[in-house]
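Notes follow once the structure below has been shown.
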Amino acid sequence: MRIGELSRRTGASERALRYYEKQGLLTAGRTAGGHREYAESDVDKVALVQRLIGAGVPSAKMAEIFPCVFGGHSKPTVEVIADLRQERERINGMIDDLVASRSILEGMIAEAEVAAGGC
């Protein structure tokens with residue numbers, strides 16, 4: 001599929017897709033006319049990239065591990081694995097913070113509902 005279709009299917013801008021390719025997160029083939037051509041599997045890969053970026057994982061860290069995960073071209077180093085574990089812990093901390101915030105909001109909503117019922 002061409003870049004415009006991948007953009008429509010993933011919600012990622014064409015500019016973002018070109019950036020992902022430049023960072024080594026996507027690999028595009030080329031048509032005879034020189035247009036980028038992506039595989040069907042790139043839809044899921046872009047969704048993964050967007051999810052990880054949304055979680056704050058730097059594209060450079062993704063670029064280190066993607067060759068190991070997608071295609072088995074290399075083996076991850078001890079450092080890459082340690083970085084991934086650190087990212088996991090950072091995300092777990094974010095999840096804990098979000099769960100605590102949700103609990104506070106639930107309490108505030110409950111109190112507001114009680115107060116609203118008394119009017």
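In the structure tokens, chains take the letters A, B, ... in the order shown, each chain's residues start at 1, and ligands count up from 1 in the order shown.
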Practice task
Mind the document's chain letters and residue numbers, and return as number ranges by chain the residues of region 3-95 of chain A that DSSP labels helix (DSSP H, G or I).
Solution key: A: 3-10, 14-22, 41-54, 59-69, 78-95
Exercise for the section: For region 8-25 of chain A, please output as a PyMOL selection string all residues within 9 Å (counting only C-alpha atoms; exclusion window: fewer than 5 positions along the same chain). Expected result: chain A and resi 3+43-47+49-50+59-60+62-64+66-67
Handout entry: Using only C-alpha atoms: which of A:Val69, A:Leu52, A:Ile104, A:Ala112 has the shortest distance to Ile91 (chain A)
Key = A:Leu52
Practice task
Check the smallest atom-to-atom distance from each of A:Gln86, A:Ser41, A:Ser7, A:Ser101 to Lys61 (chain A) using only C-alpha atoms, then report the winner.
Solution key: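 Smallest distance to Lys61 (chain A) is found for A:Gln86.
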Problem - All strand (DSSP E or B) residues (DSSP, backbone) inside chain A, as a ChimeraX atom specification - result: /A:29-30,36-37
